[in-house]
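Beneath this line is the structure, given in structure tokens, with notes to follow.
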Amino acid sequence: MNESALKTPFNSSLETGMRAMIILVTCYPRSLDLQRLVDFDYLVVHSGDVDGPESLHPPLPMRAGELLIRRSIIESGVMLMMSRGFIERVVKDDGIEYLASETAMPFVSSLINSYTKNLQDRAKWVILNFGDASRDSLQSITAKFFDKWTTEFHPLQGSLDN
Amino acid sequence: MDINKIVIRDVSFLGNGRDSASIKFQSGLNVLCGASETGKSFLVEAIDYLLGGGKLRDIPERVGYDRVRIGIEIVNEGSWTFERSVDGGGYTQYEGIIGEEVVAECYGNLKVKHTSGKVDNLSGWMLDKINLLNKRLKKNKSGGTRSLSFRDLARLVIVNEKEIIRHDSPFLSGQVVTKTAEYSALKLLLTGADDSAVVAIEKNETAETGLNAKIELLDQWIQDSEDEVADYGATRREITSQLVKLENAIVSQRDYLGEIQSQLNESMRRRREVVKRREIARDRLDEITDLLERFSLLRAHYAVDINRLMAIEESGSLFVHHAKVTCPLCGAPPEAGHDDGACDGACDGDVASIVQAASAEIEKIKALASDLEATITSLLGESDRLKQLLKGIDISFGSIDQSIRETMAPDLSIMQQQYSEFLEKKNEVHDALNAVKRLDKLKLQKEELLKNEGDDVSEDDGTGAELSKHVLNQLSQTVQNILQAWDFPDAENVYFDEKEKDFVISGKPRGSRGKGLRAITHAAVTLGLLEFCQKYSLPHPGFVVMDSPLLAYYAPEGEEDNLQGSALKHNFYRYLLDNHAENQIIIIENQHPPEEFADKLNLIVFTKNPQEGRFGLFPIETETI
């Protein structure tokens with residue numbers, strides 16, 4: 001991750017961290033591991049693709065290695081939120097999971113921007129529908145996403161910014 | 001050799017709206033008698049007309065009858081009925097005697113015009129039946145011949161009331177031009193030999209035979225041309241006017257065609273232009289639709305981005321106010337600046353500058369979005385204009401296309417077809433006209449040849465036909481026997497005067513007698529010819545029709561030919577009954593035959609009395625509304 005990438009507001013640590021915090025606040029008191037956070041992050045902004053509410057983000061073509069990049073930028077977002085005490089790390093038998101802290105809920109509630117509100121609605125829908133999904137089934141859903149995007153949006157690749 | 005005889009079975013007049021009129025005849029003696037003006041003589045004319053005569057006299061009583069039929073029996077062969085329009089023309093032939101039957105099955109058609117050697121005409125058909133087909137008659141002194149026609153015989157066996165009292169020879173019509181042929185016909189009947197050999201035995205020099213050959217060839221050509229013209233079925237005048245009309249029609253049709261063709265070409269050019277314009281407009285419209293689709297995606301994208309940035313801006317500005325806790329990665333205390341440490345600043349995130357960037361980005365995107373809106377608006381405007389334009393183009397295409405497909409193209413093809421039909425017809429008419437012209441030319445050539453020929457005229461009787469004394473004496477004897485059987489006064493010493501071509505009875509030429517005696521002697525000659533032919537088994541039609549042979553009984557010219565009170569009338573009928581039971585004799589008379597013969601012959605009486613018997617040939621026309 002280089003410096004200029006960090007300074008871009010889109011998918012910056014701030015933005016991905018906020019999304020992770022909203023997901024964790026929504027599923028509180030459950031804690032989620034990083035992989036599940038990455039999957040839910042997709043579903044929250046592309047809910048329309050899995051028969052949910054209208055997607056918040058337009059469909060985007062995927063670039064090679066996107067998944068890996070996404071995973072690391074979400075991780076640094078989570079770190080940023082942890083540095084202000086909004087997210088806590090919990091160590092469990094099967095690995096490290098993350099949990100919203102007590103200060104996270106009031107912070108999220110104080111945000112009045114409509115996009116943020118929409119994020120919270122989508123997060124509720126995702127938790128309700130996919131909260132108990134197994135790790136494998138989530139993987140196969142997101143995998144389908146990627147396949148679809150790579151074929152359908154190929155011609156538009158490059159014409160739209162990420 | 002058995003010679004076929006012809007028996008006339010009936011004569012019928014048919015017409016729509018009038019009762020048909022029919023007269024039946026039988027073999028043997030038939031007497032049709034009655035008052036004047038009852039159609040007796042007209043019937044004779046009708047028989048003649050039905051056997052190929054030229055024209056049927058127009059009498060008021062026949063109005064309403066448009067067809068006339070004659071039933072003919074060829075003894076031992078069969079019966080046929082021939083129907084002909086009262087206005088001339090050819091025959092419809094039926095099998096059997098159909099009388100007045102309305103519906104009958106047509107057996108065939110026969111032409112009127114005699115053509116040498118052919119039986120597709122009435123004359124040839126009849127001649128064929130009595131073994132006289134393909135006989136030739138000498139028709140001038142130089143040896144020109146023509147084929148025998150049934151008409152040549154008809155005038156020898158059908159003797160009408162004018163003919164029977166003529167002063168001239170009973171064998172000749174009195175016309176100079178046809179004299180040779182008429183005498184040649186007599187010779188043919190009397191000897192059975194025709195003049196086929198005439199040309200060959202002509203002893204004149206080659207120049208003359210050449211001339212004859214020419215005339216014969218011309219005759220053949222004339223015949224061919226006449227057939228051609230007859231087949232076309234129009235007069236010369238009609239043909240000429242048809243040709244003029246057709247030529248005019250062709251010229252105007254050609255002009256019109258050219259005009260329509262150039263109109264069509266112009267319309268098609270316009271249609272191509274319209275189609276081209278429509279394609280351009282449609283392409284541009286497709287392009288715009290495509291662009292608008294992409295732009296609306298872009299617009300949605302801009303909106304999402306602005307919202308996202310505003311959310312980042314909001315959350316970021318709140319975020320910076322929260323105190324740091326211990327670094328989750330390296331455990332450094334919040335106050336320890338460790339941007340360059342192991343956690344690579346992840347726990348700091350440079351939130352303040354992100355917020356700054358977000359605000360700047362929002363402004364940029366807003367500017368882009370507003371540009372986009374302007375572009376979309378102008379594209380939408382262009383699209384509306386194009387749609388409007390296309391509507392107009394579609395309408396003008398529709399109207400041009402429709403007028404081409406539904407009006408101009410079909411019109412043109414109809415006109416083209418008419419045009420070619422006109423051309424075809426014109427060729428046909430042209431051929432007919434050529435035939436007419438050729439006919440004129442041929443006739444003129446023939447006339448000239450004949451004129452030249454006429455210059456070296458005859459020294460003798462002008463017929464060029466000769467009959468042996470022996471044959472003529474035999475014929476004279478036959479006539480004398482008949483006259484004697486009738487108790488004709490002074491019927492001694494009958495001989496044939498070859499110069500006058502008539503008989504001399506007791507030193508008095510037949511033609512010099514009063515009309516009553518001319519009539520009865522004419523009858524004797526006509527019968528004599530029949531008897532002579534039968535005696536020597538020579539072809540003869542086998543029937544005789546005579547109008548008023550007994551004129552001497554009721555209309556004598558004077559004392560000399562008055563036979564009233566004599567036994568001649570009685571003997572006349574007695575003789576016919578005794579000697580001609582096998583032949584058909586049809587006598588037309590004013591007076592009834594003697595009472596004692598009435599049941600031995602077929603007597604038809606026209607009473608001229610509406611209350612009694614048969615009124616006349618035609619029924620009295622009932623009162624019409």
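Chain labels follow the order of the structure tokens: the first chain is A, the next B, and so on; residue numbering restarts at 1 in every chain, and ligands are counted from 1 in their shown order.
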
Closest atom pairs, chain A residues within 8 Å of chain B, only C-alpha atoms, as a tab-separated table:
residue	atom	partner	partner_atom	distance
A:Leu6	CA	B:Gly349	CA	7.6
A:Lys7	CA	B:Ile354	CA	5.6
A:Thr8	CA	B:Ile354	CA	6.7
A:Pro9	CA	B:Ile354	CA	5.4
A:Phe10	CA	B:Leu309	CA	7.5
A:Ser12	CA	B:Ile354	CA	7.8
A:Ser13	CA	B:Gly349	CA	6.1
A:Leu14	CA	B:Val351	CA	6.5
A:Glu15	CA	B:Ile312	CA	6.0
A:Met18	CA	B:Ser315	CA	7.6
A:Leu56	CA	B:Val304	CA	7.1
A:His57	CA	B:Val304	CA	6.4
A:Pro58	CA	B:His301	CA	6.2
A:Ser76	CA	B:Ala346	CA	5.7
A:Gly77	CA	B:Ala346	CA	7.9
A:Met79	CA	B:Cys347	CA	5.5
A:Leu80	CA	B:Cys347	CA	4.4
A:Met81	CA	B:Cys347	CA	7.7
A:Met82	CA	B:Pro328	CA	6.2
A:Ser83	CA	B:Cys347	CA	5.3
A:Arg84	CA	B:Lys324	CA	4.7
A:Gly85	CA	B:Val325	CA	6.0
A:Leu111	CA	B:Ser315	CA	6.7
A:Asn113	CA	B:Ala311	CA	5.7
A:Ser114	CA	B:Asn307	CA	7.6
A:Tyr115	CA	B:Asn307	CA	5.7
A:Thr116	CA	B:Ala311	CA	6.0
A:Leu160	CA	B:Leu298	CA	7.8

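Across the structure, CA of Ser383 in chain B and CA of Ala367 in chain B are spaced 24.3 Å apart.
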
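Using only C-alpha atoms, the shortest contact distance between Gly17 in chain B and any of B:Val63, B:Leu433, B:Ala249, B:Val157 is found at B:Val63.
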
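Distances here use only C-alpha atoms; by that measure, the residue among A:Ser55, A:Ser110, A:Asn11, A:Gln35 closest to Gln139 in chain A is A:Gln35.
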
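For the atom pair formed by CA of Gln445 in chain B and CA of Gly117 in chain B, the distance is 24.5 Å, given to one decimal.
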
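Take CA of Val605 in chain B and CA of Val525 in chain B: the distance between them is 26.4 Å.
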